[in-house]
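Okay, model35.cif is below, mmCIF, C-alpha atoms:
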```
data_entry
#
loop_
_atom_site.label_atom_id
_atom_site.label_comp_id
_atom_site.auth_asym_id
_atom_site.auth_seq_id
_atom_site.Cartn_x
_atom_site.Cartn_y
_atom_site.Cartn_z
CA MET A 1 75.28 -28.57 49.73
CA PRO A 2 77.31 -25.75 51.32
CA ASP A 3 81.13 -25.77 51.32
CA SER A 4 81.11 -26.54 55.05
CA SER A 5 79.71 -30.02 54.40
CA PRO A 6 81.84 -33.06 55.28
CA LEU A 7 82.11 -33.88 51.57
CA ALA A 8 83.76 -30.54 50.81
CA SER A 9 86.77 -31.21 53.04
CA SER A 10 86.92 -34.98 52.61
CA VAL A 11 89.51 -36.53 50.31
CA ARG A 12 87.53 -39.70 49.72
CA PRO A 13 85.59 -40.15 46.49
CA ILE A 14 81.93 -39.12 46.39
CA ARG A 15 79.91 -42.33 46.63
CA VAL A 16 77.22 -42.33 43.92
CA LEU A 17 74.42 -44.91 43.59
CA PRO A 18 72.74 -44.86 40.15
CA ILE A 19 69.53 -46.91 40.04
CA VAL A 20 68.32 -48.19 36.66
CA GLY A 21 65.07 -49.99 35.88
CA THR A 22 64.11 -49.96 32.20
CA ARG A 23 65.87 -50.01 28.85
CA PRO A 24 65.33 -46.26 28.15
CA GLU A 25 66.82 -45.47 31.57
CA ALA A 26 69.80 -47.69 30.78
CA VAL A 27 70.44 -45.91 27.47
CA LYS A 28 70.47 -42.54 29.18
CA MET A 29 72.34 -43.58 32.34
CA ALA A 30 75.03 -45.91 30.96
CA PRO A 31 77.22 -43.16 29.46
CA LEU A 32 76.97 -41.17 32.70
CA ILE A 33 77.85 -44.23 34.79
CA ASN A 34 80.92 -44.93 32.66
CA LEU A 35 81.99 -41.30 32.85
CA LEU A 36 81.67 -41.19 36.66
CA LYS A 37 83.53 -44.51 37.00
CA ALA A 38 86.41 -43.14 34.96
CA ARG A 39 86.91 -40.16 37.27
CA PRO A 40 88.79 -40.54 40.57
CA GLU A 41 86.47 -38.09 42.34
CA PHE A 42 83.67 -40.67 42.31
CA GLU A 43 82.99 -44.15 43.62
CA VAL A 44 80.07 -45.70 41.73
CA ILE A 45 77.80 -48.49 42.99
CA VAL A 46 75.17 -49.52 40.42
CA ALA A 47 71.78 -51.02 41.25
CA VAL A 48 69.26 -52.33 38.72
CA THR A 49 65.68 -53.25 39.48
CA GLY A 50 65.40 -55.72 36.62
CA GLN A 51 62.12 -54.18 35.49
CA HIS A 52 63.06 -54.83 31.83
CA ARG A 53 65.45 -57.75 32.37
CA GLU A 54 66.51 -58.80 28.84
CA MET A 55 66.36 -55.34 27.32
CA LEU A 56 68.24 -53.89 30.29
CA ASP A 57 71.13 -56.31 29.86
CA GLN A 58 71.25 -55.61 26.11
CA VAL A 59 72.00 -51.96 26.81
CA MET A 60 73.97 -52.05 30.06
CA LYS A 61 76.27 -54.94 29.29
CA ASN A 62 76.30 -55.35 25.52
CA ALA A 63 76.15 -51.77 24.23
CA PHE A 64 78.00 -49.88 26.97
CA GLY A 65 79.85 -52.53 29.01
CA VAL A 66 78.25 -51.48 32.32
CA GLY A 67 77.97 -54.05 35.08
CA TYR A 68 76.00 -53.69 38.28
CA ASP A 69 76.54 -54.39 41.95
CA TYR A 70 72.93 -55.01 42.99
CA ASP A 71 70.15 -56.70 41.04
CA LEU A 72 66.83 -56.31 42.83
CA GLU A 73 65.00 -58.67 40.42
CA ILE A 74 61.61 -57.09 41.05
CA MET A 75 59.92 -58.18 37.82
CA THR A 76 57.04 -60.66 38.02
CA GLN A 77 54.56 -61.60 35.31
CA GLY A 78 51.60 -59.24 35.01
CA GLN A 79 52.54 -57.07 37.95
CA THR A 80 50.67 -53.84 38.62
CA LEU A 81 52.07 -50.36 39.11
CA THR A 82 51.46 -50.74 42.84
CA GLN A 83 53.43 -53.98 42.90
CA ILE A 84 56.32 -52.46 40.94
CA THR A 85 56.47 -49.57 43.41
CA THR A 86 56.35 -51.64 46.56
CA ARG A 87 58.78 -54.28 45.26
CA ALA A 88 61.25 -51.59 44.20
CA LEU A 89 61.05 -49.96 47.63
CA ASP A 90 61.51 -53.31 49.36
CA GLY A 91 64.43 -54.16 47.10
CA LEU A 92 66.25 -50.88 47.62
CA GLU A 93 66.06 -50.94 51.41
CA PRO A 94 68.81 -53.56 51.99
CA VAL A 95 71.40 -51.92 49.68
CA LYS A 96 74.37 -51.98 52.05
CA GLU A 97 76.66 -49.17 50.90
CA LYS A 98 75.20 -45.88 52.07
CA PRO A 99 75.88 -43.52 49.18
CA ASP A 100 76.40 -39.78 49.34
CA ILE A 101 73.87 -39.35 46.56
CA VAL A 102 71.38 -41.53 44.67
CA LEU A 103 70.78 -40.91 40.95
CA ALA A 104 67.90 -42.02 38.73
CA GLN A 105 66.73 -40.91 35.31
CA GLY A 106 63.39 -40.06 33.78
CA ASP A 107 59.81 -40.74 34.82
CA THR A 108 59.27 -44.45 35.37
CA THR A 109 57.94 -46.08 38.51
CA THR A 110 61.52 -47.12 39.26
CA VAL A 111 62.52 -43.46 39.45
CA LEU A 112 59.71 -42.58 41.83
CA ALA A 113 60.57 -45.56 44.04
CA ALA A 114 64.28 -44.65 44.00
CA SER A 115 63.60 -41.07 45.06
CA LEU A 116 61.27 -42.22 47.82
CA ALA A 117 63.70 -44.87 49.06
CA ALA A 118 66.48 -42.26 49.19
CA ALA A 119 64.23 -39.85 51.11
CA TYR A 120 63.31 -42.55 53.64
CA GLN A 121 67.02 -43.06 54.34
CA LYS A 122 67.74 -39.30 54.28
CA ILE A 123 70.11 -39.65 51.33
CA PRO A 124 70.25 -36.80 48.78
CA PHE A 125 68.68 -37.63 45.41
CA GLY A 126 69.68 -36.39 41.95
CA HIS A 127 67.10 -36.51 39.15
CA VAL A 128 68.53 -36.87 35.64
CA GLU A 129 66.15 -35.41 33.01
CA ALA A 130 64.24 -33.33 35.54
CA GLY A 131 61.48 -30.84 34.81
CA LEU A 132 59.61 -32.42 31.91
CA ARG A 133 55.88 -31.71 32.00
CA THR A 134 52.72 -32.09 29.92
CA GLU A 135 50.58 -30.40 32.64
CA ASN A 136 48.07 -33.25 32.27
CA LYS A 137 48.27 -35.56 35.28
CA PHE A 138 47.04 -38.61 33.39
CA ASP A 139 48.72 -38.08 30.00
CA PRO A 140 51.09 -39.82 29.81
CA PHE A 141 50.12 -42.16 32.64
CA PRO A 142 51.77 -42.83 35.06
CA GLU A 143 54.84 -40.92 33.85
CA GLU A 144 53.50 -37.42 34.49
CA ILE A 145 52.55 -38.39 38.04
CA ASN A 146 55.95 -40.03 38.60
CA ARG A 147 57.97 -37.02 37.51
CA ARG A 148 55.87 -34.50 39.46
CA LEU A 149 56.19 -36.51 42.67
CA THR A 150 59.89 -37.18 42.08
CA THR A 151 60.52 -33.44 41.83
CA GLN A 152 59.25 -32.99 45.37
CA LEU A 153 61.84 -35.49 46.64
CA THR A 154 64.80 -34.31 44.56
CA ASP A 155 67.82 -32.38 45.84
CA LEU A 156 69.69 -31.91 42.54
CA HIS A 157 67.61 -31.36 39.39
CA PHE A 158 69.54 -32.05 36.17
CA ALA A 159 67.32 -30.33 33.60
CA PRO A 160 67.87 -31.14 29.92
CA THR A 161 66.53 -27.91 28.37
CA PRO A 162 65.74 -24.29 29.28
CA GLN A 163 62.03 -25.15 29.13
CA SER A 164 62.47 -27.84 31.78
CA VAL A 165 64.39 -25.32 33.91
CA GLU A 166 61.47 -22.91 33.64
CA ASN A 167 59.02 -25.65 34.61
CA LEU A 168 60.99 -26.31 37.79
CA ARG A 169 61.28 -22.61 38.63
CA ARG A 170 57.54 -22.17 38.19
CA GLU A 171 56.96 -24.97 40.71
CA GLY A 172 59.16 -23.26 43.29
CA VAL A 173 62.32 -25.38 43.02
CA PRO A 174 65.25 -23.32 44.37
CA GLU A 175 67.51 -21.90 41.68
CA SER A 176 70.58 -23.30 43.43
CA ALA A 177 69.24 -26.85 43.03
CA ILE A 178 68.71 -26.65 39.24
CA TYR A 179 71.45 -27.44 36.74
CA LEU A 180 70.93 -27.08 32.97
CA THR A 181 72.83 -29.99 31.44
CA GLY A 182 71.38 -31.14 28.13
CA ASN A 183 70.07 -34.68 27.76
CA THR A 184 72.28 -37.73 28.29
CA VAL A 185 70.49 -39.56 25.47
CA ILE A 186 72.49 -37.43 23.04
CA ASP A 187 75.70 -38.49 24.81
CA ALA A 188 74.68 -42.12 24.24
CA LEU A 189 73.66 -41.63 20.63
CA LEU A 190 76.80 -39.76 19.59
CA GLN A 191 78.97 -42.43 21.20
CA VAL A 192 77.51 -45.21 19.05
CA SER A 193 76.21 -43.47 15.91
CA GLN A 194 78.10 -43.98 12.69
CA LYS A 195 76.00 -41.31 10.92
CA ARG A 196 75.77 -43.28 7.74
CA ASN A 197 73.03 -43.77 5.17
CA LEU A 198 72.14 -47.43 4.79
CA SER A 199 70.73 -48.95 1.60
CA ASN A 200 66.97 -49.61 1.50
CA ASN A 201 66.68 -51.00 -2.04
CA GLY A 202 65.34 -47.74 -3.40
CA LEU A 203 62.47 -47.49 -0.88
CA LYS A 204 62.02 -44.75 1.69
CA THR A 205 61.98 -46.42 5.10
CA ILE A 206 59.47 -45.21 7.68
CA LEU A 207 60.54 -46.38 11.12
CA VAL A 208 57.61 -46.70 13.53
CA THR A 209 57.53 -47.31 17.28
CA THR A 210 54.33 -47.33 19.29
CA HIS A 211 53.65 -48.83 22.69
CA ARG A 212 52.37 -46.23 25.14
CA ARG A 213 49.56 -47.14 27.50
CA GLU A 214 47.38 -44.23 26.41
CA ASN A 215 47.54 -45.39 22.77
CA LEU A 216 46.16 -48.88 23.42
CA GLY A 217 42.78 -49.66 21.88
CA ALA A 218 41.23 -47.25 19.37
CA PRO A 219 44.28 -44.96 19.00
CA LEU A 220 46.50 -47.91 18.08
CA GLU A 221 43.87 -49.14 15.61
CA ASN A 222 43.96 -45.67 14.03
CA ILE A 223 47.75 -45.67 13.87
CA ALA A 224 47.92 -49.09 12.23
CA GLY A 225 45.21 -48.16 9.72
CA ALA A 226 47.04 -44.95 8.87
CA LEU A 227 50.23 -46.90 8.20
CA VAL A 228 48.38 -49.08 5.68
CA ASP A 229 47.02 -45.94 4.02
CA ILE A 230 50.51 -44.42 3.80
CA LEU A 231 51.93 -47.55 2.18
CA GLU A 232 49.13 -47.62 -0.38
CA LYS A 233 49.42 -43.92 -1.15
CA HIS A 234 53.21 -44.00 -1.44
CA PRO A 235 54.42 -47.13 -3.23
CA ASP A 236 58.05 -46.00 -2.85
CA THR A 237 57.91 -46.53 0.92
CA LYS A 238 58.24 -49.39 3.36
CA ILE A 239 57.57 -49.56 7.08
CA VAL A 240 59.87 -51.10 9.67
CA LEU A 241 58.10 -51.57 13.00
CA PRO A 242 59.83 -53.21 15.98
CA MET A 243 56.87 -54.54 17.97
CA HIS A 244 56.65 -54.06 21.72
CA LYS A 245 56.29 -57.25 23.73
CA ASN A 246 52.85 -56.20 25.01
CA PRO A 247 50.28 -58.64 23.48
CA ALA A 248 47.72 -55.84 23.21
CA VAL A 249 50.11 -53.97 20.92
CA ARG A 250 51.12 -56.99 18.86
CA GLU A 251 47.61 -58.24 18.17
CA VAL A 252 46.52 -54.97 16.58
CA LEU A 253 49.67 -54.48 14.52
CA GLN A 254 49.77 -58.05 13.23
CA ARG A 255 46.06 -58.08 12.39
CA ILE A 256 46.09 -54.82 10.44
CA LEU A 257 49.63 -54.65 9.03
CA GLY A 258 50.89 -58.22 9.12
CA ALA A 259 49.90 -59.18 5.57
CA HIS A 260 51.22 -56.09 3.82
CA PRO A 261 54.30 -56.87 1.69
CA ARG A 262 56.03 -53.59 2.55
CA ALA A 263 55.40 -53.70 6.30
CA GLU A 264 58.19 -55.38 8.28
CA LEU A 265 56.92 -56.24 11.75
CA ILE A 266 60.00 -57.31 13.65
CA GLU A 267 61.02 -58.18 17.19
CA PRO A 268 62.27 -55.41 19.50
CA LEU A 269 65.78 -54.34 18.56
CA ASP A 270 68.79 -54.06 20.81
CA TYR A 271 70.02 -50.51 21.26
CA LEU A 272 72.79 -50.59 18.66
CA PRO A 273 70.63 -52.16 15.90
CA PHE A 274 67.90 -49.65 16.72
CA VAL A 275 70.33 -46.78 16.24
CA ARG A 276 71.23 -48.30 12.86
CA ALA A 277 67.51 -48.48 12.03
CA MET A 278 67.14 -44.79 12.85
CA GLU A 279 70.18 -43.95 10.74
CA SER A 280 68.66 -45.71 7.72
CA ALA A 281 65.18 -44.19 8.12
CA HIS A 282 63.78 -41.45 5.93
CA LEU A 283 61.04 -40.61 8.43
CA ILE A 284 60.17 -41.69 11.97
CA LEU A 285 56.69 -42.01 13.50
CA THR A 286 56.78 -42.63 17.23
CA ASP A 287 55.11 -42.21 20.60
CA SER A 288 58.48 -42.66 22.35
CA GLY A 289 60.00 -39.78 24.29
CA GLY A 290 63.59 -40.85 23.72
CA VAL A 291 63.22 -41.13 19.96
CA GLN A 292 61.91 -37.55 19.86
CA GLU A 293 65.27 -36.51 21.30
CA GLU A 294 67.54 -38.85 19.33
CA ALA A 295 66.28 -38.53 15.75
CA PRO A 296 67.06 -34.79 15.37
CA SER A 297 70.76 -35.54 15.98
CA LEU A 298 70.58 -37.79 12.91
CA GLY A 299 68.70 -35.22 10.81
CA ILE A 300 65.50 -37.29 10.60
CA PRO A 301 62.03 -35.68 10.92
CA VAL A 302 59.82 -37.08 13.67
CA LEU A 303 56.04 -37.27 13.72
CA VAL A 304 54.84 -37.75 17.30
CA LEU A 305 51.87 -40.12 17.67
CA ARG A 306 50.53 -38.51 20.83
CA ARG A 307 48.08 -35.82 21.89
CA THR A 308 50.55 -34.26 24.33
CA THR A 309 54.30 -34.25 24.75
CA GLU A 310 56.56 -33.38 27.65
CA ARG A 311 59.22 -32.53 25.05
CA PRO A 312 57.77 -29.43 23.34
CA GLU A 313 61.25 -28.11 22.54
CA GLY A 314 61.46 -30.34 19.46
CA VAL A 315 58.12 -29.09 18.19
CA THR A 316 59.17 -25.48 18.75
CA ALA A 317 62.54 -26.06 17.04
CA GLY A 318 60.83 -27.75 14.10
CA THR A 319 62.52 -31.15 14.46
CA ALA A 320 59.25 -32.84 15.47
CA SER A 321 55.55 -32.42 14.83
CA LEU A 322 52.84 -33.42 17.30
CA ILE A 323 50.16 -35.05 15.12
CA GLY A 324 48.02 -37.10 17.52
CA THR A 325 46.45 -40.47 16.69
CA GLU A 326 43.64 -39.68 14.25
CA ARG A 327 44.03 -41.76 11.09
CA ALA A 328 43.55 -38.94 8.59
CA ASP A 329 45.91 -36.59 10.47
CA ILE A 330 48.70 -39.18 10.47
CA VAL A 331 48.34 -39.85 6.75
CA GLU A 332 48.27 -36.14 5.91
CA ALA A 333 51.36 -35.30 7.98
CA ALA A 334 53.40 -38.22 6.67
CA SER A 335 52.33 -37.60 3.07
CA GLN A 336 53.48 -33.99 3.23
CA LEU A 337 56.98 -35.03 4.28
CA LEU A 338 57.08 -37.84 1.73
CA SER A 339 56.06 -35.63 -1.19
CA ASP A 340 57.22 -32.10 -0.32
CA GLN A 341 61.02 -31.87 -0.25
CA SER A 342 61.06 -28.33 1.14
CA ALA A 343 58.89 -29.39 4.10
CA TYR A 344 61.15 -32.38 4.67
CA ASP A 345 64.32 -30.28 4.50
CA ALA A 346 62.92 -27.74 6.97
CA MET A 347 62.52 -30.47 9.61
CA SER A 348 65.64 -32.47 8.84
CA HIS A 349 67.91 -29.42 8.98
CA ALA A 350 66.46 -27.91 12.16
CA ALA A 351 68.82 -27.66 15.14
CA ASN A 352 68.46 -30.31 17.84
CA PRO A 353 67.43 -28.58 21.10
CA TYR A 354 68.25 -31.53 23.35
CA GLY A 355 72.00 -31.45 23.68
CA ASP A 356 75.54 -31.62 22.36
CA GLY A 357 76.77 -34.89 23.90
CA GLN A 358 78.29 -33.27 27.00
CA ALA A 359 75.42 -33.70 29.48
CA GLY A 360 77.31 -36.31 31.51
CA GLU A 361 80.26 -33.97 31.98
CA ARG A 362 77.93 -31.23 33.22
CA ILE A 363 76.20 -33.60 35.63
CA ALA A 364 79.55 -34.75 37.04
CA GLN A 365 80.60 -31.12 37.52
CA ALA A 366 77.24 -30.31 39.10
CA ILE A 367 77.68 -33.10 41.66
CA LEU A 368 81.18 -31.80 42.47
CA HIS A 369 79.77 -28.30 42.89
CA TRP A 370 76.99 -29.59 45.14
CA ALA A 371 79.60 -31.42 47.21
CA GLY A 372 81.69 -28.27 47.58
CA ARG A 373 84.52 -29.53 45.40
CA GLY A 374 84.22 -27.48 42.24
CA ALA A 375 82.71 -24.55 40.41
CA ARG A 376 79.13 -24.55 39.23
CA PRO A 377 79.02 -25.70 35.60
CA GLU A 378 78.21 -22.96 33.12
CA ASP A 379 74.65 -23.03 31.88
CA PHE A 380 74.29 -25.12 28.76
CA VAL A 381 72.85 -23.10 25.88
CA CYS A 382 70.86 -25.19 23.40
CA ALA A 383 71.63 -24.74 19.73
#
```
Give the structure from the file, written as structure tokens.
Amino acid sequence: MPDSSPLASSVRPIRVLPIVGTRPEAVKMAPLINLLKARPEFEVIVAVTGQHREMLDQVMKNAFGVGYDYDLEIMTQGQTLTQITTRALDGLEPVKEKPDIVLAQGDTTTVLAASLAAAYQKIPFGHVEAGLRTENKFDPFPEEINRRLTTQLTDLHFAPTPQSVENLRREGVPESAIYLTGNTVIDALLQVSQKRNLSNNGLKTILVTTHRRENLGAPLENIAGALVDILEKHPDTKIVLPMHKNPAVREVLQRILGAHPRAELIEPLDYLPFVRAMESAHLILTDSGGVQEEAPSLGIPVLVLRRTTERPEGVTAGTASLIGTERADIVEAASQLLSDQSAYDAMSHAANPYGDGQAGERIAQAILHWAGRGARPEDFVCA
């Protein structure tokens, strides 16, 4: 926005509407919301869609003390992607305060609906964690579609890494609309992490999370089988696996792993207990995007249970390894890190490319710059 805009000369706070739908969005948005609320330059109105009701409250209220002004309560049992999209759009339309800018984070259907709702009302939209790509429209699905479409509707692109900046440039996004900020998930993690080693009774803990749509069916069967193989091959290990609520995930994990004495299949963890679980882990296997970003800040190697990743920076930096979902490949990759200390040290000591805990500050400064009230933040240089 040029300096001649009404916001540049106005003395009133910039009215910001963050929209949050899922637990991962809440983790990454809550620190930013608290930061903006603490600064007099901003007035913050928070809307949640309620897409992940219980898990959302665990993060927003319990972990970060963030309340909200609007609860759209869009969640219904067994709803489709189409229903989520249309219900989110319907829910956002009656939000009374017209903000100066709408913010949303990531690549969920909530984010796409938020960007579209803002465009329909001709309100500028800021995309937190912009520019991630796998270049495969259907992997992951629907996230890759959501983030590509959201880019077309975005006015301010808050890119977490230089690679995401380059992705946006390649797609023709104007340079003036791109801000390199780092990832707010590191802000969240560093605020709550105690960086301590927790006792595991002499066993090396392997923390596992798996839930993605593209891993349902045969890939998940392979993953679960590989975990059994790892436990049998390495008797000094145990597995801790918080199970996603999806029955299709639970059935496979309980059937294949449920009887093993060193496999702990537990209920989903709140954010703070999950951070403690990461802190106590020796190794993490995951198909989660957020965990790929968080674990390197704790010095824990990550094996990514996917064929593609929109976060290649970790693979390039050596903090993560993309190993796919073939049973033998998973066992081989995990076994190397469990038996080869030099290989383990190389991953655990690699620099985290995703941020330094100051992404929220850069985003706040970027909004002020866009509004004509401050200098452009200096480009963040990843470690």
Distance query region 354-359 of chain A at most 7 Å, all atoms listed in the file, self and fewer than 4 positions along chain excluded, as a ChimeraX atom specification
/A:160-161,181-184,186-187,190,293,363,382
Atomic distance CA of Gly290 (chain A) - CA of Arg311 (chain A), expressed in Å with one decimal
9.5 Å
Selection result for the PyMOL selection byres ((chain A and resi 146) around 10) on this file, as an MDAnalysis selection string
chainID A and resid 106:113 137 141:145 147:151
Now that the selection is made, can you save its residues with C-alpha atoms as an mmCIF file, keeping the file's coordinate frame?
```cif
data_model
loop_
_atom_site.group_PDB
_atom_site.id
_atom_site.type_symbol
_atom_site.label_atom_id
_atom_site.label_comp_id
_atom_site.auth_asym_id
_atom_site.auth_seq_id
_atom_site.Cartn_x
_atom_site.Cartn_y
_atom_site.Cartn_z
ATOM 1 C CA GLY A 106 63.390 -40.060 33.780
ATOM 2 C CA ASP A 107 59.810 -40.740 34.820
ATOM 3 C CA THR A 108 59.270 -44.450 35.370
ATOM 4 C CA THR A 109 57.940 -46.080 38.510
ATOM 5 C CA THR A 110 61.520 -47.120 39.260
ATOM 6 C CA VAL A 111 62.520 -43.460 39.450
ATOM 7 C CA LEU A 112 59.710 -42.580 41.830
ATOM 8 C CA ALA A 113 60.570 -45.560 44.040
ATOM 9 C CA LYS A 137 48.270 -35.560 35.280
ATOM 10 C CA PHE A 141 50.120 -42.160 32.640
ATOM 11 C CA PRO A 142 51.770 -42.830 35.060
ATOM 12 C CA GLU A 143 54.840 -40.920 33.850
ATOM 13 C CA GLU A 144 53.500 -37.420 34.490
ATOM 14 C CA ILE A 145 52.550 -38.390 38.040
ATOM 15 C CA ARG A 147 57.970 -37.020 37.510
ATOM 16 C CA ARG A 148 55.870 -34.500 39.460
ATOM 17 C CA LEU A 149 56.190 -36.510 42.670
ATOM 18 C CA THR A 150 59.890 -37.180 42.080
ATOM 19 C CA THR A 151 60.520 -33.440 41.830
#
```
Counting only C-alpha atoms, which residues in region 175-282 of chain A sit no more than 12 Å from region 64-78 of chain A? For each one, give the nearest pair of atoms and the distance in Å, sorted by chain then residue number, as a Markdown table.
```
| residue | atom | partner | partner_atom | distance |
| --- | --- | --- | --- | --- |
| A:Asp187 | CA | A:Phe64 | CA | 11.8 |
| A:Ala188 | CA | A:Phe64 | CA | 8.9 |
| A:Leu189 | CA | A:Phe64 | CA | 11.3 |
| A:Gln191 | CA | A:Phe64 | CA | 9.5 |
| A:Val192 | CA | A:Phe64 | CA | 9.2 |
| A:Asn246 | CA | A:Gly78 | CA | 10.5 |
| A:Pro247 | CA | A:Gly78 | CA | 11.6 |
| A:Asp270 | CA | A:Phe64 | CA | 11.8 |
| A:Tyr271 | CA | A:Phe64 | CA | 9.8 |
| A:Leu272 | CA | A:Phe64 | CA | 9.8 |
```
Neighbour list for region 232-244 of chain A as a PyMOL selection string, cut-off 6 Å, all atoms listed in the file, skip fewer than 5 positions in-chain:
chain A and resi 203-208+262-268
Would you kindly translate the PyMOL selection byres ((chain A and resi 180) around 9) into the concrete residues it picks from this file, as an mmCIF file with C-alpha atoms, in the frame of the given file?
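Writing done, so here's part21.cif:
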```cif
data_model
loop_
_atom_site.group_PDB
_atom_site.id
_atom_site.type_symbol
_atom_site.label_atom_id
_atom_site.label_comp_id
_atom_site.auth_asym_id
_atom_site.auth_seq_id
_atom_site.Cartn_x
_atom_site.Cartn_y
_atom_site.Cartn_z
ATOM 1 C CA HIS A 157 67.610 -31.360 39.390
ATOM 2 C CA PHE A 158 69.540 -32.050 36.170
ATOM 3 C CA ALA A 159 67.320 -30.330 33.600
ATOM 4 C CA PRO A 160 67.870 -31.140 29.920
ATOM 5 C CA THR A 161 66.530 -27.910 28.370
ATOM 6 C CA PRO A 162 65.740 -24.290 29.280
ATOM 7 C CA SER A 164 62.470 -27.840 31.780
ATOM 8 C CA VAL A 165 64.390 -25.320 33.910
ATOM 9 C CA ILE A 178 68.710 -26.650 39.240
ATOM 10 C CA TYR A 179 71.450 -27.440 36.740
ATOM 11 C CA THR A 181 72.830 -29.990 31.440
ATOM 12 C CA GLY A 182 71.380 -31.140 28.130
ATOM 13 C CA ALA A 359 75.420 -33.700 29.480
ATOM 14 C CA ARG A 362 77.930 -31.230 33.220
ATOM 15 C CA ILE A 363 76.200 -33.600 35.630
ATOM 16 C CA PRO A 377 79.020 -25.700 35.600
ATOM 17 C CA GLU A 378 78.210 -22.960 33.120
ATOM 18 C CA ASP A 379 74.650 -23.030 31.880
ATOM 19 C CA PHE A 380 74.290 -25.120 28.760
ATOM 20 C CA VAL A 381 72.850 -23.100 25.880
#
```
Write out as a PDB file with C-alpha atoms, keeping the file's coordinate frame which residues come within 10 Å of Val16 (chain A) when counting all atoms listed in the file, dropping same-chain ones fewer than 3 positions away.
```pdb
ATOM      1  CA  PRO A  13      85.590 -40.150  46.490  1.00  0.00           C
ATOM      2  CA  ILE A  19      69.530 -46.910  40.040  1.00  0.00           C
ATOM      3  CA  ILE A  33      77.850 -44.230  34.790  1.00  0.00           C
ATOM      4  CA  LEU A  36      81.670 -41.190  36.660  1.00  0.00           C
ATOM      5  CA  LYS A  37      83.530 -44.510  37.000  1.00  0.00           C
ATOM      6  CA  PHE A  42      83.670 -40.670  42.310  1.00  0.00           C
ATOM      7  CA  GLU A  43      82.990 -44.150  43.620  1.00  0.00           C
ATOM      8  CA  VAL A  44      80.070 -45.700  41.730  1.00  0.00           C
ATOM      9  CA  ILE A  45      77.800 -48.490  42.990  1.00  0.00           C
ATOM     10  CA  VAL A  46      75.170 -49.520  40.420  1.00  0.00           C
ATOM     11  CA  GLU A  97      76.660 -49.170  50.900  1.00  0.00           C
ATOM     12  CA  LYS A  98      75.200 -45.880  52.070  1.00  0.00           C
ATOM     13  CA  PRO A  99      75.880 -43.520  49.180  1.00  0.00           C
ATOM     14  CA  ASP A 100      76.400 -39.780  49.340  1.00  0.00           C
ATOM     15  CA  ILE A 101      73.870 -39.350  46.560  1.00  0.00           C
ATOM     16  CA  VAL A 102      71.380 -41.530  44.670  1.00  0.00           C
ATOM     17  CA  LEU A 103      70.780 -40.910  40.950  1.00  0.00           C
ATOM     18  CA  PHE A 125      68.680 -37.630  45.410  1.00  0.00           C
ATOM     19  CA  GLY A 126      69.680 -36.390  41.950  1.00  0.00           C
ATOM     20  CA  ILE A 367      77.680 -33.100  41.660  1.00  0.00           C
TER      21      ILE A 367
END
```
Judged by all atoms listed in the file, the minimum distance to Asn222 (chain A) among A:His260, A:Pro174, A:Thr154, A:Glu326 is found for A:Glu326
Please evaluate the PyMOL selection byres ((chain A and resi 325) around 12) against the displayed coordinates and give the resulting residues as a VMD selection string.
chain A and resid 210 212 214 to 227 285 to 287 303 to 308 322 to 324 326 to 333
Resulting file, chosen residues, C-alpha atoms, as a compact mmCIF listing (two decimals), in the frame of the given file:
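Below you can see result.txt, which holds the result:
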```txt
# COMPACT_ATOMS: atom_id res chain seq x y z
CA THR A 210 54.33 -47.33 19.29
CA ARG A 212 52.37 -46.23 25.14
CA GLU A 214 47.38 -44.23 26.41
CA ASN A 215 47.54 -45.39 22.77
CA LEU A 216 46.16 -48.88 23.42
CA GLY A 217 42.78 -49.66 21.88
CA ALA A 218 41.23 -47.25 19.37
CA PRO A 219 44.28 -44.96 19.00
CA LEU A 220 46.50 -47.91 18.08
CA GLU A 221 43.87 -49.14 15.61
CA ASN A 222 43.96 -45.67 14.03
CA ILE A 223 47.75 -45.67 13.87
CA ALA A 224 47.92 -49.09 12.23
CA GLY A 225 45.21 -48.16 9.72
CA ALA A 226 47.04 -44.95 8.87
CA LEU A 227 50.23 -46.90 8.20
CA LEU A 285 56.69 -42.01 13.50
CA THR A 286 56.78 -42.63 17.23
CA ASP A 287 55.11 -42.21 20.60
CA LEU A 303 56.04 -37.27 13.72
CA VAL A 304 54.84 -37.75 17.30
CA LEU A 305 51.87 -40.12 17.67
CA ARG A 306 50.53 -38.51 20.83
CA ARG A 307 48.08 -35.82 21.89
CA THR A 308 50.55 -34.26 24.33
CA LEU A 322 52.84 -33.42 17.30
CA ILE A 323 50.16 -35.05 15.12
CA GLY A 324 48.02 -37.10 17.52
CA GLU A 326 43.64 -39.68 14.25
CA ARG A 327 44.03 -41.76 11.09
CA ALA A 328 43.55 -38.94 8.59
CA ASP A 329 45.91 -36.59 10.47
CA ILE A 330 48.70 -39.18 10.47
CA VAL A 331 48.34 -39.85 6.75
CA GLU A 332 48.27 -36.14 5.91
CA ALA A 333 51.36 -35.30 7.98
```
Between A:Leu89, A:Val11, A:Met55, A:Leu283, smallest distance to Gln336 (chain A) by only C-alpha atoms belongs to A:Leu283
Two-atom distance - CA of Ser193 (chain A), CA of Leu269 (chain A) (Å)
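Distance reported for this atom pair: 15.3 Å.
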Selection near Leu298 (chain A), 9 Å with all atoms listed in the file, sequence-local residues under 4 positions removed, as a list in words:
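Those residues are Ser193, Lys195, Met278, Glu279, Glu294 and Ser348 of chain A.
Across the model, the gap from CA of Ser10 (chain A) to CA of Gly372 (chain A) is 9.9 Å.
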Which of these residues is nearest to Ala351 (chain A), using only C-alpha atoms: A:Pro296, A:Pro312, A:Pro301, A:Pro40?
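Residue with the minimum atom-to-atom distance to Ala351 (chain A): A:Pro296.
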